[in-house]
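What follows is the content of query17.pdb (PDB, C-alpha atoms, pLDDT in the B column).
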```pdb
ATOM      1  CA  MET A1205     -85.209 271.836  44.041  1.00 43.00           C
ATOM      2  CA  HIS A1206     -81.803 273.317  43.395  1.00 45.00           C
ATOM      3  CA  SER A1207     -79.950 272.777  40.127  1.00 45.00           C
ATOM      4  CA  THR A1208     -76.845 274.553  38.898  1.00 44.00           C
ATOM      5  CA  PHE A1209     -76.265 274.609  35.159  1.00 43.00           C
ATOM      6  CA  VAL A1210     -72.830 275.253  33.677  1.00 40.00           C
ATOM      7  CA  LYS A1211     -72.552 274.475  30.009  1.00 38.00           C
ATOM      8  CA  GLY A1212     -69.242 275.574  28.573  1.00 42.00           C
ATOM      9  CA  GLY A1213     -69.129 278.515  26.213  1.00 42.00           C
ATOM     10  CA  SER A1214     -68.792 282.047  27.361  1.00 41.00           C
ATOM     11  CA  GLY A1215     -71.101 284.706  28.639  1.00 41.00           C
ATOM     12  CA  ILE A1216     -71.080 288.460  28.355  1.00 41.00           C
ATOM     13  CA  CYS A1217     -67.697 289.914  27.350  1.00 42.00           C
ATOM     14  CA  GLY A1218     -66.132 286.449  27.140  1.00 41.00           C
ATOM     15  CA  THR A1219     -66.721 285.533  30.793  1.00 42.00           C
ATOM     16  CA  ARG A1220     -68.118 282.149  31.702  1.00 43.00           C
ATOM     17  CA  MET A1221     -71.789 282.342  32.767  1.00 45.00           C
ATOM     18  CA  GLU A1222     -73.310 280.043  35.357  1.00 48.00           C
ATOM     19  CA  PHE A1223     -76.776 280.213  36.789  1.00 50.00           C
ATOM     20  CA  THR A1224     -78.777 278.361  39.350  1.00 55.00           C
ATOM     21  CA  LEU A1225     -82.449 277.444  39.256  1.00 55.00           C
ATOM     22  CA  HIS A1226     -84.323 277.475  42.534  1.00 52.00           C
ATOM     23  CA  SER A1227     -87.831 276.787  43.636  1.00 51.00           C
ATOM     24  CA  GLN A1228     -89.487 279.071  46.177  1.00 48.00           C
ATOM     25  CA  TYR A1229     -88.855 276.406  48.799  1.00 47.00           C
ATOM     26  CA  ASP A1230     -85.067 276.595  48.941  1.00 49.00           C
ATOM     27  CA  SER A1231     -84.341 280.321  48.732  1.00 44.00           C
ATOM     28  CA  PRO A1232     -86.043 283.633  49.455  1.00 47.00           C
ATOM     29  CA  MET A1233     -87.567 285.359  46.424  1.00 54.00           C
ATOM     30  CA  THR A1234     -85.789 288.602  47.236  1.00 56.00           C
ATOM     31  CA  GLN A1235     -82.297 287.248  46.543  1.00 60.00           C
ATOM     32  CA  PRO A1236     -81.227 287.943  42.918  1.00 64.00           C
ATOM     33  CA  LEU A1237     -77.999 285.936  43.282  1.00 70.00           C
ATOM     34  CA  SER A1238     -77.242 282.435  44.539  1.00 74.00           C
ATOM     35  CA  HIS A1239     -74.978 281.797  47.492  1.00 78.00           C
ATOM     36  CA  ASP A1240     -72.065 281.469  45.044  1.00 82.00           C
ATOM     37  CA  GLY A1241     -72.875 284.815  43.370  1.00 79.00           C
ATOM     38  CA  SER A1242     -74.299 283.373  40.137  1.00 82.00           C
ATOM     39  CA  PRO A1243     -77.583 284.738  38.742  1.00 81.00           C
ATOM     40  CA  ARG A1244     -80.588 282.621  39.626  1.00 81.00           C
ATOM     41  CA  LEU A1245     -84.028 281.867  38.258  1.00 86.00           C
ATOM     42  CA  VAL A1246     -86.948 281.031  40.530  1.00 90.00           C
ATOM     43  CA  PHE A1247     -89.823 278.845  39.440  1.00 95.00           C
ATOM     44  CA  ILE A1248     -93.015 280.705  40.336  1.00 96.00           C
ATOM     45  CA  GLY A1249     -95.424 277.830  39.710  1.00 97.00           C
ATOM     46  CA  HIS A1250     -96.147 275.131  37.164  1.00 98.00           C
ATOM     47  CA  ILE A1251     -98.250 274.442  34.084  1.00 98.00           C
ATOM     48  CA  GLU A1252    -100.889 271.727  33.762  1.00 98.00           C
ATOM     49  CA  THR A1253    -101.628 270.438  30.261  1.00 98.00           C
ATOM     50  CA  PRO A1254    -103.118 267.211  28.869  1.00 97.00           C
ATOM     51  CA  TYR A1255     -99.661 266.131  27.666  1.00 96.00           C
ATOM     52  CA  GLU A1256     -97.731 263.533  29.685  1.00 96.00           C
ATOM     53  CA  THR A1257     -94.678 263.185  27.409  1.00 93.00           C
ATOM     54  CA  GLN A1258     -92.774 265.363  24.939  1.00 89.00           C
ATOM     55  CA  ASP A1259     -94.037 263.162  22.124  1.00 88.00           C
ATOM     56  CA  ASP A1260     -97.627 264.025  23.134  1.00 92.00           C
ATOM     57  CA  CYS A1261     -96.983 267.786  22.837  1.00 89.00           C
ATOM     58  CA  PRO A1262     -97.992 269.746  19.757  1.00 89.00           C
ATOM     59  CA  TYR A1263     -95.320 271.285  17.543  1.00 80.00           C
ATOM     60  CA  THR A1264     -96.143 274.796  18.740  1.00 87.00           C
ATOM     61  CA  VAL A1265     -98.751 276.806  20.635  1.00 91.00           C
ATOM     62  CA  ASN A1266    -102.309 276.393  19.346  1.00 92.00           C
ATOM     63  CA  PRO A1267    -104.797 279.145  20.337  1.00 91.00           C
ATOM     64  CA  GLY A1268    -107.670 276.738  19.673  1.00 93.00           C
ATOM     65  CA  GLY A1269    -106.042 273.917  21.604  1.00 95.00           C
ATOM     66  CA  PRO A1270    -107.050 272.305  24.863  1.00 97.00           C
ATOM     67  CA  LEU A1271    -107.582 274.221  28.082  1.00 98.00           C
ATOM     68  CA  CYS A1272    -104.391 274.484  30.153  1.00 98.00           C
ATOM     69  CA  ARG A1273    -103.856 275.727  33.692  1.00 98.00           C
ATOM     70  CA  ILE A1274    -101.027 277.986  34.802  1.00 98.00           C
ATOM     71  CA  VAL A1275    -100.773 277.495  38.569  1.00 98.00           C
ATOM     72  CA  VAL A1276     -98.920 280.318  40.328  1.00 98.00           C
ATOM     73  CA  ASP A1277     -97.389 279.506  43.741  1.00 97.00           C
ATOM     74  CA  SER A1278     -98.951 281.423  46.631  1.00 96.00           C
ATOM     75  CA  PRO A1279     -96.067 283.876  47.282  1.00 95.00           C
ATOM     76  CA  TYR A1280     -96.375 285.076  43.665  1.00 96.00           C
ATOM     77  CA  ALA A1281    -100.183 284.941  43.258  1.00 97.00           C
ATOM     78  CA  PRO A1282    -100.629 288.650  44.165  1.00 97.00           C
ATOM     79  CA  GLY A1283     -98.683 289.378  40.954  1.00 97.00           C
ATOM     80  CA  LEU A1284    -101.775 288.333  38.974  1.00 98.00           C
ATOM     81  CA  LYS A1285    -103.614 291.475  40.085  1.00 98.00           C
ATOM     82  CA  GLY A1286    -104.542 293.519  37.009  1.00 97.00           C
ATOM     83  CA  LEU A1287    -104.796 290.532  34.651  1.00 98.00           C
ATOM     84  CA  ALA A1288    -108.232 289.502  33.368  1.00 97.00           C
ATOM     85  CA  ALA A1289    -109.959 287.164  30.940  1.00 98.00           C
ATOM     86  CA  GLY A1290    -109.305 288.332  27.384  1.00 96.00           C
ATOM     87  CA  ASP A1291    -105.835 289.717  28.166  1.00 96.00           C
ATOM     88  CA  ARG A1292    -102.914 288.369  26.126  1.00 96.00           C
ATOM     89  CA  VAL A1293     -99.890 287.253  28.141  1.00 97.00           C
ATOM     90  CA  LEU A1294     -96.396 286.052  27.376  1.00 97.00           C
ATOM     91  CA  VAL A1295     -95.793 282.842  29.315  1.00 97.00           C
ATOM     92  CA  LEU A1296     -92.183 281.827  29.965  1.00 97.00           C
ATOM     93  CA  TYR A1297     -91.522 278.288  31.138  1.00 96.00           C
ATOM     94  CA  TRP A1298     -88.576 275.947  31.753  1.00 95.00           C
ATOM     95  CA  LEU A1299     -88.614 272.868  29.520  1.00 93.00           C
ATOM     96  CA  ASP A1300     -87.135 270.678  32.246  1.00 92.00           C
ATOM     97  CA  ARG A1301     -87.196 267.443  30.234  1.00 90.00           C
ATOM     98  CA  ALA A1302     -85.184 268.826  27.328  1.00 87.00           C
ATOM     99  CA  ASP A1303     -81.861 267.407  26.183  1.00 88.00           C
ATOM    100  CA  ARG A1304     -79.524 270.398  26.530  1.00 88.00           C
ATOM    101  CA  ASP A1305     -76.660 268.774  24.601  1.00 88.00           C
ATOM    102  CA  LYS A1306     -78.255 268.649  21.125  1.00 84.00           C
ATOM    103  CA  PRO A1307     -76.954 271.428  18.863  1.00 85.00           C
ATOM    104  CA  LEU A1308     -78.591 269.677  15.888  1.00 86.00           C
ATOM    105  CA  VAL A1309     -82.160 268.402  15.981  1.00 83.00           C
ATOM    106  CA  GLY A1310     -84.600 266.690  13.659  1.00 80.00           C
ATOM    107  CA  VAL A1311     -87.375 269.040  12.592  1.00 75.00           C
ATOM    108  CA  ARG A1312     -90.698 267.254  13.141  1.00 67.00           C
ATOM    109  CA  ARG A1313     -92.575 268.679  10.179  1.00 72.00           C
ATOM    110  CA  SER A1314     -89.902 268.382   7.490  1.00 79.00           C
ATOM    111  CA  GLY A1315     -87.819 265.524   8.859  1.00 78.00           C
ATOM    112  CA  LYS A1316     -84.677 267.536   8.048  1.00 87.00           C
ATOM    113  CA  VAL A1317     -81.849 268.279  10.472  1.00 90.00           C
ATOM    114  CA  ALA A1318     -81.478 271.852  11.707  1.00 87.00           C
ATOM    115  CA  GLY A1319     -79.616 273.725  14.382  1.00 88.00           C
ATOM    116  CA  ALA A1320     -81.458 274.073  17.699  1.00 86.00           C
ATOM    117  CA  PHE A1321     -81.772 277.841  17.144  1.00 87.00           C
ATOM    118  CA  ALA A1322     -83.432 277.301  13.750  1.00 85.00           C
ATOM    119  CA  ALA A1323     -86.123 274.977  15.122  1.00 82.00           C
ATOM    120  CA  ARG A1324     -89.033 275.156  17.574  1.00 80.00           C
ATOM    121  CA  THR A1325     -87.581 272.414  19.709  1.00 83.00           C
ATOM    122  CA  PRO A1326     -87.350 272.095  23.477  1.00 86.00           C
ATOM    123  CA  HIS A1327     -83.873 270.600  23.004  1.00 86.00           C
ATOM    124  CA  ARG A1328     -81.575 273.623  23.320  1.00 86.00           C
ATOM    125  CA  PRO A1329     -78.820 274.902  25.622  1.00 89.00           C
ATOM    126  CA  ASN A1330     -81.258 277.047  27.628  1.00 89.00           C
ATOM    127  CA  PRO A1331     -84.647 275.342  27.289  1.00 91.00           C
ATOM    128  CA  VAL A1332     -86.923 278.317  27.851  1.00 94.00           C
ATOM    129  CA  GLY A1333     -90.380 277.967  26.350  1.00 94.00           C
ATOM    130  CA  ALA A1334     -92.309 281.079  25.355  1.00 94.00           C
ATOM    131  CA  ALA A1335     -95.925 281.409  24.306  1.00 95.00           C
ATOM    132  CA  VAL A1336     -98.312 284.315  23.796  1.00 95.00           C
ATOM    133  CA  VAL A1337    -101.797 283.188  24.785  1.00 96.00           C
ATOM    134  CA  THR A1338    -105.158 284.696  25.700  1.00 96.00           C
ATOM    135  CA  ILE A1339    -106.383 284.350  29.270  1.00 98.00           C
ATOM    136  CA  GLU A1340    -109.642 282.373  29.342  1.00 98.00           C
ATOM    137  CA  GLY A1341    -110.186 282.952  33.053  1.00 98.00           C
ATOM    138  CA  ILE A1342    -108.504 283.462  36.409  1.00 98.00           C
ATOM    139  CA  GLU A1343    -109.567 281.718  39.610  1.00 98.00           C
ATOM    140  CA  GLY A1344    -107.337 282.560  42.564  1.00 97.00           C
ATOM    141  CA  PRO A1345    -103.781 281.538  41.654  1.00 98.00           C
ATOM    142  CA  VAL A1346    -104.854 279.632  38.516  1.00 98.00           C
ATOM    143  CA  VAL A1347    -104.788 281.232  35.063  1.00 98.00           C
ATOM    144  CA  GLN A1348    -106.636 279.300  32.363  1.00 98.00           C
ATOM    145  CA  VAL A1349    -105.363 279.535  28.780  1.00 98.00           C
ATOM    146  CA  ARG A1350    -105.576 277.377  25.647  1.00 97.00           C
ATOM    147  CA  GLY A1351    -103.062 275.456  23.607  1.00 94.00           C
ATOM    148  CA  LEU A1352     -99.735 275.505  25.439  1.00 96.00           C
ATOM    149  CA  ASP A1353     -97.095 273.186  23.973  1.00 94.00           C
ATOM    150  CA  CYS A1354     -95.471 271.717  27.089  1.00 95.00           C
ATOM    151  CA  VAL A1355     -95.712 268.633  29.287  1.00 96.00           C
ATOM    152  CA  THR A1356     -97.894 268.797  32.393  1.00 97.00           C
ATOM    153  CA  GLY A1357     -95.851 269.815  35.430  1.00 97.00           C
ATOM    154  CA  THR A1358     -93.553 272.115  33.439  1.00 96.00           C
ATOM    155  CA  PRO A1359     -92.059 274.774  35.758  1.00 97.00           C
ATOM    156  CA  LEU A1360     -93.318 278.338  35.262  1.00 97.00           C
ATOM    157  CA  LEU A1361     -90.704 281.105  35.015  1.00 97.00           C
ATOM    158  CA  ASP A1362     -92.786 284.242  34.396  1.00 97.00           C
ATOM    159  CA  LEU A1363     -95.955 285.833  33.030  1.00 97.00           C
ATOM    160  CA  LYS A1364     -95.934 289.223  31.303  1.00 96.00           C
ATOM    161  CA  PRO A1365     -98.539 291.242  29.422  1.00 96.00           C
ATOM    162  CA  ALA A1366     -98.047 290.662  25.689  1.00 94.00           C
ATOM    163  CA  MET A1367     -96.752 293.636  23.729  1.00 88.00           C
ATOM    164  CA  ARG A1368     -98.729 294.840  20.716  1.00 76.00           C
ATOM    165  CA  ALA A1369     -96.162 293.309  18.364  1.00 75.00           C
ATOM    166  CA  GLU A1370     -96.713 289.919  20.050  1.00 68.00           C
ATOM    167  CA  ALA A1371    -100.515 290.087  19.785  1.00 57.00           C
ATOM    168  CA  PRO A1372    -102.330 289.187  16.574  1.00 56.00           C
ATOM    169  CA  ALA A1373    -103.459 292.048  14.333  1.00 49.00           C
ATOM    170  CA  GLY A1374    -106.317 293.898  16.003  1.00 46.00           C
ATOM    171  CA  GLY A1375    -105.806 291.989  19.276  1.00 48.00           C
ATOM    172  CA  PRO A1376    -105.215 293.555  22.671  1.00 47.00           C
ATOM    173  CA  GLY A1377    -101.679 294.205  23.851  1.00 48.00           C
ATOM    174  CA  VAL A1378     -99.900 296.629  26.122  1.00 44.00           C
TER
END
```
Could I get this file's structure written as structure tokens?
Amino acid sequence: MHSTFVKGGSGICGTRMEFTLHSQYDSPMTQPLSHDGSPRLVFIGHIETPYETQDDCPYTVNPGGPLCRIVVDSPYAPGLKGLAAGDRVLVLYWLDRADRDKPLVGVRRSGKVAGAFAARTPHRPNPVGAAVVTIEGIEGPVVQVRGLDCVTGTPLLDLKPAMRAEAPAGGPGV
């Protein structure tokens, strides 16, 4: 998988930003830039949920929701060392089925129209999903959590320990 995204606008200091998404299969994980010099993101695995379509997905993360599996690809699985059941993690994922050309969206709960940045919608210029969840268990390269809000097969970008400010009051955090 290799996709280059260029979406108008400007980047840092008024320069145009382009980036390329790669899977582990088409580029080495040690290369921070693409062959054309643009920054790149590497999918490190995928997420399995009970949701087949965007319409099936809940509005937001639900800590009491169904069990979900975060499957980390083998080159990145050693990065799970140090994580354990009960730890809170920030999961970053690429909402690959999003419509990136919708600056205005309908808000599900209110039915009103809002800007993409004022709504919890996957439809945004850079469709990065983020969720803080508690690890239910880890078996090899699979991290089990509850209540993610994405379609099964969603590409995984990163996992990070949740900071105290991201954890609920009295909950664990780094």
Segment 1276-1359 of chain A near segment 1247-1261 of chain A within 12 Å: what's each residue's closest atom pair and its distance in Å to one decimal, counting all atoms listed in the file, ordered by chain then ascending residue number, as CSV?
```
residue,atom,partner,partner_atom,distance
A:Val1276,CA,A:Gly1249,CA,4.3
A:Asp1277,CA,A:Gly1249,CA,4.8
A:Ser1278,CA,A:Gly1249,CA,8.6
A:Pro1279,CA,A:Ile1248,CA,8.2
A:Tyr1280,CA,A:Ile1248,CA,6.4
A:Ala1281,CA,A:Ile1248,CA,8.8
A:Pro1282,CA,A:Ile1248,CA,11.7
A:Gly1283,CA,A:Ile1248,CA,10.4
A:Leu1284,CA,A:Ile1248,CA,11.7
A:Val1295,CA,A:Ile1251,CA,10.0
A:Leu1296,CA,A:Phe1247,CA,10.2
A:Tyr1297,CA,A:His1250,CA,8.2
A:Trp1298,CA,A:Phe1247,CA,8.3
A:Leu1299,CA,A:Gln1258,CA,9.7
A:Asp1300,CA,A:Gln1258,CA,10.7
A:Arg1301,CA,A:Gln1258,CA,8.0
A:Ala1302,CA,A:Gln1258,CA,8.7
A:Asp1303,CA,A:Gln1258,CA,11.2
A:Arg1312,CA,A:Asp1259,CA,10.4
A:Thr1325,CA,A:Gln1258,CA,10.2
A:Pro1326,CA,A:Gln1258,CA,8.8
A:His1327,CA,A:Gln1258,CA,10.5
A:Val1332,CA,A:Phe1247,CA,12.0
A:Gly1333,CA,A:Ile1251,CA,11.6
A:Pro1345,CA,A:Gly1249,CA,9.3
A:Val1346,CA,A:Ile1251,CA,9.5
A:Val1347,CA,A:Ile1251,CA,9.5
A:Gln1348,CA,A:Glu1252,CA,9.6
A:Val1349,CA,A:Thr1253,CA,9.9
A:Arg1350,CA,A:Thr1253,CA,9.2
A:Gly1351,CA,A:Thr1253,CA,8.5
A:Leu1352,CA,A:Thr1253,CA,7.2
A:Asp1353,CA,A:Cys1261,CA,5.5
A:Cys1354,CA,A:Cys1261,CA,6.0
A:Val1355,CA,A:Tyr1255,CA,4.9
A:Thr1356,CA,A:Glu1252,CA,4.4
A:Gly1357,CA,A:Ile1251,CA,5.4
A:Thr1358,CA,A:Ile1251,CA,5.3
A:Pro1359,CA,A:His1250,CA,4.3
```
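Between atom CA of Gly1344 of chain A and atom CA of Pro1267 of chain A the separation is 22.6 Å.
Between Leu1363 of chain A and the residues A:Val1265, A:Ile1274, A:Leu1245, A:Leu1237, the shortest atom-to-atom distance, using only C-alpha atoms, involves A:Ile1274.
Using all atoms listed in the file for every distance, the candidate list A:Ala1288, A:Val1246, A:Lys1316, A:Arg1328 yields A:Val1246 as the residue closest to Leu1360 of chain A.
Here atom CA of Val1311 of chain A is placed at a distance of 23.4 Å from atom CA of Pro1270 of chain A.
The space between atom CA of Val1309 of chain A and atom CA of Leu1294 of chain A spans 25.4 Å.
With distances restricted to all atoms listed in the file, A:Leu1287 is the closest residue to Lys1364 of chain A from A:Leu1287, A:Cys1272, A:Ala1322, A:Val1317.
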Tell me which of A:Met1367, A:Ala1289, A:Ala1318, A:Leu1361 sits closest to Val1275 of chain A, counting all atoms listed in the file. A:Leu1361
